[in-house]
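Novice: Sharing a structure here in structure tokens format.
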Amino acid sequence: MAEIFSNISRIKYEGSDSKNPLSFKYYDPDRVIMGKTMREHLPFAMAWWHNLCACGTDMFGRDTADKSFGAEKGTMAHAKAKVDAGFEFMQKLGIEYFCFHDVDLVPEADDIKETNKRLDEITDYILEKMNETGIKCLWGTANMFSNPRFMNGAGSTNSADVFCFAAAQIKKALDLTVKLGGKGYVFWGGREGYETLLNTDMKFEQENIARLMKMAVDYGRSIGFKGDFYIEPKPKEPMKHQYDFDAATAIGFLRQHGLDKDFKINVEANHATLAGHTFQHDLRVSAINGMLGSIDANQGDLLLGWDTDEFPSNVYEATMCMYEVLKAGGLTGGFNFDAKTRRPSYTAEDMFHAFILGMDTFALGLINATKIIEDGRIDSFVEERYSSFKAGIGKKIVEGSTTLTELATIAEDMGAPALPSSGKQEYLQSIVNQILFSGLEAL
Ligand code: XLS
Ligand code: NI
Ligand code: NI
């Protein structure tokens, strides 16, 4: 089979002095950090939809990028060309995983039986490529938001017939995920939400979503799926209000419906910021609940109110992300670049630049987060900040061996308590800057 990106060879680590645009400056897969290689710390994944399908179309203009890969679009030949392109691309970058929606892989037919036949055929081909290259599947999912039938959502739809279609797609996507050995299965509730409460039974819709998820868990386990199910929270877009608003909301929902043992959270940076949080916030919420599963590594634009899905370039954010990930002991999933090149970056070379940017950004994040942890000043500050709960009445509060009455008596005897110790935010921020930029004085 002909090489598709024939003018681009394997991307290598060349170090931070390199000016070669097609090289890694910081991502050195074999470098060992805290006992693991960078490759092990950072299981990167390619998102089939953005990298092989999205061609720069936006609300106001058609495609700018040509991703026909030498075949006619809408055909199985094109579906195969995408597989060829995708595996060549991942191999050239040293990306070890991919993520997919069912309809990213093949053109969808009117009849689901025909779509499923096409899916069987393409996944046979993908499996061959996986065996040849050692590339693996991070997670699969069903696209239950693009087809007009899902205008009111999948689990949240008002139509029992559409609910059946959602079930059929999930069943097939689970079959494919198991066939490809996927580590996880994602529910991103694209249209699981509402536009107006005037026509919406919110309680019923949420219960139906849980019913669909329960059936998915039962079926998945019955066919030998041992991985994690994930909810990928997002507060809005395309719906005005989406039920999986943020990590905290999704975790509450999972617990309410007894799904928390089978599910974890797939945190997407741009979704967290759309919810009015930092990326780090949603990672922390997931981690402290034992539910940090996987990450959709992208970034938004704070000046724009939607999911711009940019490749991550913000080293500070990546540092805080990796700080959370290291503290949580790593991910069971990986780092899926749910990101697309900007519309004017329409060449094949731009696809490579984008992944180099993202991978180098997370490598920097990993290096910096390790330095913050090894430096220890932040951790010991936080530890010290709560030290009043280590002894005396503080200890009794934590142990649960006091009462409101005893605490009230202590307060009455105390007079005015001293102010809590300073939060020292500015000092801590300067420590982070010092760690991030140390070494510059050598210039
Ligand atoms: C959209 C989501 C989507 C999911 C997979 O905003 O990020 O791409 O990751 O359905
Ligand atoms: Ni998104
Ligand atoms: Ni995503």
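In the structure tokens, each chain is lettered A, B, ... as it comes, each chain's residues begin at 1, and ligands are numbered from 1 in order of appearance.
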Taking the chain letters and numbering used in this document, name the residues of region 42-231 of chain A that DSSP puts in alpha helix (DSSP H), as an MDAnalysis selection string.
Specialist: chainID A and resid 48 76:93 102:105 112:133 160:179 202:222
Novice: Let me see the file: selected residues, C-alpha atoms, as a compact mmCIF listing (two decimals), in the first residue's frame.
Specialist:
# COMPACT_ATOMS: atom_id res chain seq x y z
CA TRP A 48 -10.50 9.15 14.64
CA MET A 76 -15.79 1.72 1.90
CA ALA A 77 -12.62 2.39 -0.09
CA HIS A 78 -12.43 5.73 1.70
CA ALA A 79 -13.10 4.07 5.06
CA LYS A 80 -10.10 1.82 4.38
CA ALA A 81 -7.96 4.70 3.20
CA LYS A 82 -8.68 6.39 6.53
CA VAL A 83 -7.47 3.27 8.34
CA ASP A 84 -4.28 3.29 6.25
CA ALA A 85 -3.77 6.99 6.87
CA GLY A 86 -4.54 6.69 10.57
CA PHE A 87 -2.13 3.84 11.23
CA GLU A 88 0.64 5.42 9.19
CA PHE A 89 0.07 8.67 11.07
CA MET A 90 0.09 7.03 14.51
CA GLN A 91 3.18 5.01 13.68
CA LYS A 92 5.05 8.06 12.48
CA LEU A 93 4.29 9.88 15.72
CA ASP A 102 -18.98 3.90 15.17
CA VAL A 103 -19.82 6.34 12.36
CA ASP A 104 -16.25 7.67 12.17
CA LEU A 105 -15.23 4.31 10.77
CA ILE A 112 -28.51 -0.32 10.56
CA LYS A 113 -27.97 -3.94 9.46
CA GLU A 114 -26.00 -2.66 6.49
CA THR A 115 -24.05 -0.19 8.66
CA ASN A 116 -23.17 -3.04 11.01
CA LYS A 117 -21.93 -5.17 8.11
CA ARG A 118 -19.66 -2.34 7.07
CA LEU A 119 -18.46 -1.99 10.65
CA ASP A 120 -17.59 -5.70 10.78
CA GLU A 121 -15.62 -5.38 7.58
CA ILE A 122 -13.68 -2.29 8.62
CA THR A 123 -12.87 -3.58 12.09
CA ASP A 124 -11.46 -6.79 10.55
CA TYR A 125 -9.14 -4.51 8.61
CA ILE A 126 -8.34 -2.39 11.67
CA LEU A 127 -7.58 -5.51 13.66
CA GLU A 128 -5.07 -6.62 11.03
CA LYS A 129 -3.36 -3.24 11.27
CA MET A 130 -3.37 -3.40 15.07
CA ASN A 131 -1.67 -6.80 14.99
CA GLU A 132 0.88 -5.54 12.48
CA THR A 133 1.76 -2.37 14.40
CA ALA A 160 -39.13 4.76 22.35
CA ASP A 161 -38.22 3.84 18.76
CA VAL A 162 -35.22 6.16 18.82
CA PHE A 163 -34.28 4.68 22.20
CA CYS A 164 -34.19 1.27 20.47
CA PHE A 165 -31.83 2.66 17.84
CA ALA A 166 -29.58 4.06 20.54
CA ALA A 167 -29.53 0.63 22.18
CA ALA A 168 -28.68 -1.03 18.87
CA GLN A 169 -25.80 1.35 18.26
CA ILE A 170 -24.43 0.94 21.78
CA LYS A 171 -24.66 -2.84 21.50
CA LYS A 172 -22.72 -2.81 18.25
CA ALA A 173 -20.18 -0.25 19.48
CA LEU A 174 -19.57 -2.43 22.55
CA ASP A 175 -19.12 -5.48 20.32
CA LEU A 176 -16.54 -3.54 18.31
CA THR A 177 -14.78 -2.19 21.39
CA VAL A 178 -14.43 -5.73 22.73
CA LYS A 179 -13.34 -7.03 19.32
CA MET A 202 -36.33 16.00 33.32
CA LYS A 203 -36.77 13.27 35.91
CA PHE A 204 -38.05 10.79 33.34
CA GLU A 205 -35.27 11.60 30.89
CA GLN A 206 -32.55 11.11 33.49
CA GLU A 207 -34.05 7.81 34.62
CA ASN A 208 -34.15 6.63 31.02
CA ILE A 209 -30.49 7.55 30.49
CA ALA A 210 -29.65 5.45 33.55
CA ARG A 211 -31.73 2.57 32.16
CA LEU A 212 -29.79 2.70 28.91
CA MET A 213 -26.46 2.78 30.76
CA LYS A 214 -27.44 -0.15 32.97
CA MET A 215 -28.36 -2.22 29.94
CA ALA A 216 -25.03 -1.26 28.37
CA VAL A 217 -23.14 -2.41 31.48
CA ASP A 218 -25.07 -5.69 31.62
CA TYR A 219 -24.50 -6.38 27.94
CA GLY A 220 -20.84 -5.27 28.02
CA ARG A 221 -20.04 -7.53 30.96
CA SER A 222 -21.92 -10.41 29.33
Novice: How would you report the residues lying within 9 Å of ligand 3, as a ChimeraX atom specification, if you count only C-alpha atoms and all ligand atoms?
Specialist: /A:47,188,232-234,266-271,295-298,309,336-339
Novice: Can you write out the residues you just picked, keeping C-alpha atoms, as an mmCIF file, in the first residue's frame?
Specialist:
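Saved to result-v8.cif:
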data_model
loop_
_atom_site.group_PDB
_atom_site.id
_atom_site.type_symbol
_atom_site.label_atom_id
_atom_site.label_comp_id
_atom_site.auth_asym_id
_atom_site.auth_seq_id
_atom_site.Cartn_x
_atom_site.Cartn_y
_atom_site.Cartn_z
ATOM 1 C CA ALA A 47 -9.297 10.700 17.900
ATOM 2 C CA TRP A 188 -20.627 11.506 25.914
ATOM 3 C CA GLU A 232 -17.572 12.425 29.584
ATOM 4 C CA PRO A 233 -19.230 15.465 31.162
ATOM 5 C CA LYS A 234 -20.046 18.596 29.183
ATOM 6 C CA ASN A 266 -13.418 10.921 31.066
ATOM 7 C CA VAL A 267 -12.475 14.537 31.735
ATOM 8 C CA GLU A 268 -12.183 16.839 28.743
ATOM 9 C CA ALA A 269 -10.288 20.075 29.371
ATOM 10 C CA ASN A 270 -12.495 22.220 27.146
ATOM 11 C CA HIS A 271 -15.676 20.808 28.703
ATOM 12 C CA ILE A 295 -8.665 12.416 29.659
ATOM 13 C CA ASP A 296 -9.703 14.160 26.467
ATOM 14 C CA ALA A 297 -6.627 16.322 26.107
ATOM 15 C CA ASN A 298 -7.493 19.563 24.387
ATOM 16 C CA ASP A 309 -11.185 21.590 20.670
ATOM 17 C CA ASN A 336 -6.973 11.255 23.838
ATOM 18 C CA PHE A 337 -6.304 14.304 21.694
ATOM 19 C CA ASP A 338 -9.929 15.241 21.195
ATOM 20 C CA ALA A 339 -8.630 18.183 19.225
#
Novice: Neighbours of Thr37 (chain A) within 12 Å (only C-alpha atoms; same-chain residues fewer than 5 positions away dropped), as number ranges by chain?
Specialist: A: 27-32, 42-43, 363, 366-367
Novice: May I ask for the distance between CA of Leu440 (chain A) and CA of Ser23 (chain A), given in Å to one decimal place?
Specialist: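 Computing it gives 22.5 Å between the two atoms.
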Novice: Quick one: DSSP strand (DSSP E or B) residues in region 62-234 of chain A, as a list in words?
Specialist: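 So, restricting region 62-234 of chain A to strand (DSSP E or B), we get Tyr97, Phe98, Cys99, Phe100, His101, Lys136, Cys137, Leu138, Trp139, Gly140, Thr141, Gly184, Tyr185, Val186, Phe187, Gly193, Tyr194, Asp228, Phe229, Tyr230 and Ile231 of chain A.
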Novice: Take the selection from the previous step and output its residues with N, CA, C and O atoms, as a CSV table (one decimal), in the first residue's frame.
Specialist:
chain,number,residue,atom,x,y,z
A,97,TYR,N,-2.4,4.6,20.8
A,97,TYR,CA,-3.8,4.3,20.9
A,97,TYR,C,-4.7,5.1,20.0
A,97,TYR,O,-4.3,6.2,19.6
A,98,PHE,N,-5.9,4.6,19.8
A,98,PHE,CA,-6.9,5.5,19.0
A,98,PHE,C,-8.2,5.3,19.7
A,98,PHE,O,-8.5,4.4,20.5
A,99,CYS,N,-9.1,6.3,19.5
A,99,CYS,CA,-10.5,6.3,20.0
A,99,CYS,C,-11.4,6.5,18.8
A,99,CYS,O,-11.0,7.2,17.8
A,100,PHE,N,-12.6,5.9,18.8
A,100,PHE,CA,-13.5,6.1,17.7
A,100,PHE,C,-14.9,6.1,18.1
A,100,PHE,O,-15.3,5.6,19.1
A,101,HIS,N,-15.8,6.8,17.2
A,101,HIS,CA,-17.2,6.6,17.2
A,101,HIS,C,-17.5,5.6,16.1
A,101,HIS,O,-16.8,5.6,15.1
A,136,LYS,N,-3.1,0.1,19.8
A,136,LYS,CA,-4.2,-0.4,20.5
A,136,LYS,C,-5.4,0.5,20.5
A,136,LYS,O,-5.3,1.7,20.2
A,137,CYS,N,-6.6,0.0,21.0
A,137,CYS,CA,-7.8,0.9,21.0
A,137,CYS,C,-7.9,1.4,22.5
A,137,CYS,O,-7.9,0.6,23.4
A,138,LEU,N,-8.0,2.7,22.7
A,138,LEU,CA,-8.2,3.2,24.0
A,138,LEU,C,-9.7,3.1,24.4
A,138,LEU,O,-10.0,2.5,25.4
A,139,TRP,N,-10.5,3.7,23.6
A,139,TRP,CA,-12.0,3.5,23.8
A,139,TRP,C,-12.8,3.7,22.6
A,139,TRP,O,-12.4,4.3,21.6
A,140,GLY,N,-14.0,3.1,22.6
A,140,GLY,CA,-14.9,3.2,21.6
A,140,GLY,C,-16.2,3.9,22.1
A,140,GLY,O,-16.4,4.0,23.3
A,141,THR,N,-17.0,4.4,21.2
A,141,THR,CA,-18.3,5.0,21.6
A,141,THR,C,-19.2,5.0,20.4
A,141,THR,O,-18.8,4.7,19.3
A,184,GLY,N,-11.7,1.1,27.3
A,184,GLY,CA,-12.8,1.8,27.8
A,184,GLY,C,-14.0,1.9,26.8
A,184,GLY,O,-13.8,1.7,25.6
A,185,TYR,N,-15.1,2.3,27.4
A,185,TYR,CA,-16.3,2.7,26.5
A,185,TYR,C,-16.9,4.0,27.0
A,185,TYR,O,-17.2,4.1,28.2
A,186,VAL,N,-17.0,4.9,26.1
A,186,VAL,CA,-17.4,6.3,26.5
A,186,VAL,C,-18.9,6.6,26.2
A,186,VAL,O,-19.4,6.2,25.2
A,187,PHE,N,-19.5,7.2,27.2
A,187,PHE,CA,-20.8,7.9,27.0
A,187,PHE,C,-20.6,9.4,27.0
A,187,PHE,O,-20.3,9.9,28.1
A,193,GLY,N,-29.9,16.2,27.0
A,193,GLY,CA,-30.2,17.4,27.8
A,193,GLY,C,-31.5,18.0,27.2
A,193,GLY,O,-32.3,17.3,26.6
A,194,TYR,N,-31.7,19.3,27.4
A,194,TYR,CA,-32.9,19.9,26.9
A,194,TYR,C,-32.7,21.3,26.4
A,194,TYR,O,-31.7,22.0,26.8
A,228,ASP,N,-13.4,0.0,31.7
A,228,ASP,CA,-14.2,1.0,32.4
A,228,ASP,C,-15.2,1.6,31.4
A,228,ASP,O,-14.9,1.8,30.3
A,229,PHE,N,-16.4,1.8,31.9
A,229,PHE,CA,-17.3,2.7,31.2
A,229,PHE,C,-17.0,4.1,31.7
A,229,PHE,O,-16.6,4.3,32.8
A,230,TYR,N,-17.1,5.1,30.8
A,230,TYR,CA,-16.9,6.4,31.2
A,230,TYR,C,-18.0,7.3,30.8
A,230,TYR,O,-18.7,7.2,29.8
A,231,ILE,N,-18.3,8.3,31.7
A,231,ILE,CA,-19.1,9.4,31.3
A,231,ILE,C,-18.2,10.6,31.0
A,231,ILE,O,-17.2,10.8,31.8
Novice: Could you check which of A:Ser387, A:Ser313, A:Gln280, A:Asn289 is closest to Ala250 (chain A), using only C-alpha atoms?
Specialist: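 The answer is A:Asn289, which sits nearest to Ala250 (chain A).
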Novice: I'd like to know which of A:Gly134, A:Pro235, A:Gly56, A:Gly153 is closest to ligand 2, using only C-alpha atoms and all ligand atoms.
Specialist: A:Pro235
Novice: Using only C-alpha atoms for the distances, tell me which of A:Met46, A:Gly293, A:Gly392, A:Asp246 is nearest to His281 (chain A).
Specialist: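 Among the listed residues, A:Asp246 lies closest to His281 (chain A).
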Novice: Quick one: residues within 12 Å of Gly329 (chain A), only C-alpha atoms counted, chain neighbours fewer than 6 positions away excluded, as a VMD selection string?
Specialist: chain A and resid 34 36 41 287 to 288 290 to 293 322 to 323
Novice: Find the distance between CA of Phe335 (chain A) and CA of Ala45 (chain A) and write it in Å to one decimal.
Specialist: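 Going from CA of Phe335 (chain A) over to CA of Ala45 (chain A) covers 5.8 Å.
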Novice: Using only C-alpha atoms, determine which residues lie at most 6 Å from region 341-353 of chain A, disregarding the query and same-chain residues fewer than 2 positions distant; provide the list as a PDB file with all heavy atoms, in the first residue's frame.
Specialist:
ATOM      1  N   GLY A  56     -12.407  20.797   8.595  1.00  0.00           N
ATOM      2  CA  GLY A  56     -12.379  22.251   8.767  1.00  0.00           C
ATOM      3  C   GLY A  56     -13.714  22.948   8.566  1.00  0.00           C
ATOM      4  O   GLY A  56     -13.802  24.176   8.685  1.00  0.00           O
ATOM      5  N   THR A  64     -12.019  22.902   4.325  1.00  0.00           N
ATOM      6  CA  THR A  64     -10.772  23.489   3.815  1.00  0.00           C
ATOM      7  C   THR A  64      -9.728  22.391   3.601  1.00  0.00           C
ATOM      8  O   THR A  64      -8.853  22.536   2.766  1.00  0.00           O
ATOM      9  CB  THR A  64     -10.197  24.527   4.799  1.00  0.00           C
ATOM     10  OG1 THR A  64     -10.029  23.916   6.080  1.00  0.00           O
ATOM     11  CG2 THR A  64     -11.114  25.730   4.936  1.00  0.00           C
ATOM     12  N   ALA A  65      -9.823  21.317   4.407  1.00  0.00           N
ATOM     13  CA  ALA A  65      -8.809  20.257   4.320  1.00  0.00           C
ATOM     14  C   ALA A  65      -9.314  19.114   3.447  1.00  0.00           C
ATOM     15  O   ALA A  65     -10.508  18.802   3.437  1.00  0.00           O
ATOM     16  CB  ALA A  65      -8.485  19.734   5.715  1.00  0.00           C
ATOM     17  N   PHE A 355      -0.076  17.394  16.592  1.00  0.00           N
ATOM     18  CA  PHE A 355       0.216  16.329  17.565  1.00  0.00           C
ATOM     19  C   PHE A 355       1.564  16.560  18.248  1.00  0.00           C
ATOM     20  O   PHE A 355       1.716  16.267  19.440  1.00  0.00           O
ATOM     21  CB  PHE A 355       0.175  14.951  16.886  1.00  0.00           C
ATOM     22  CG  PHE A 355      -1.211  14.383  16.842  1.00  0.00           C
ATOM     23  CD1 PHE A 355      -2.157  14.876  15.961  1.00  0.00           C
ATOM     24  CD2 PHE A 355      -1.593  13.375  17.714  1.00  0.00           C
ATOM     25  CE1 PHE A 355      -3.442  14.378  15.938  1.00  0.00           C
ATOM     26  CE2 PHE A 355      -2.884  12.866  17.705  1.00  0.00           C
ATOM     27  CZ  PHE A 355      -3.816  13.368  16.811  1.00  0.00           C
ATOM     28  N   ILE A 356       2.519  17.079  17.502  1.00  0.00           N
ATOM     29  CA  ILE A 356       3.819  17.373  18.126  1.00  0.00           C
ATOM     30  C   ILE A 356       3.604  18.411  19.227  1.00  0.00           C
ATOM     31  O   ILE A 356       4.112  18.267  20.348  1.00  0.00           O
ATOM     32  CB  ILE A 356       4.831  17.874  17.066  1.00  0.00           C
ATOM     33  CG1 ILE A 356       5.209  16.715  16.143  1.00  0.00           C
ATOM     34  CG2 ILE A 356       6.069  18.476  17.734  1.00  0.00           C
ATOM     35  CD1 ILE A 356       6.011  17.125  14.906  1.00  0.00           C
TER      36      ILE A 356
END
Novice: Tell me, as a list in words, which residues lie within 10 Å of Glu237 (chain A), counting only C-alpha atoms; anything in the same chain fewer than 5 positions away does not count.
Specialist: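 Residues meeting the cut-off are Gly190, Arg191, Gly193, Gln242, His271, Leu274, Gly305, Trp306 and Asp307 of chain A.
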Novice: Could you state the separation of CA of Gly334 (chain A) and CA of Phe245 (chain A) in Å, given to one decimal place?
Specialist: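 Spanning CA of Gly334 (chain A) to CA of Phe245 (chain A) is a straight-line distance of 21.7 Å.
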Novice: Restricting the calculation to only C-alpha atoms, which member of A:Lys261, A:Asp301, A:Tyr316, A:Leu357 is positioned closest to Phe437 (chain A)?
Specialist: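 Under the stated criterion, the closest residue is A:Tyr316.
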Novice: Calculated over only C-alpha atoms and all ligand atoms, which of the candidates A:Lys25, A:Arg62, A:Lys19, A:Lys236 has the smallest distance to ligand 1?
Specialist: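 So, comparing all the options, the nearest one is A:Lys236.
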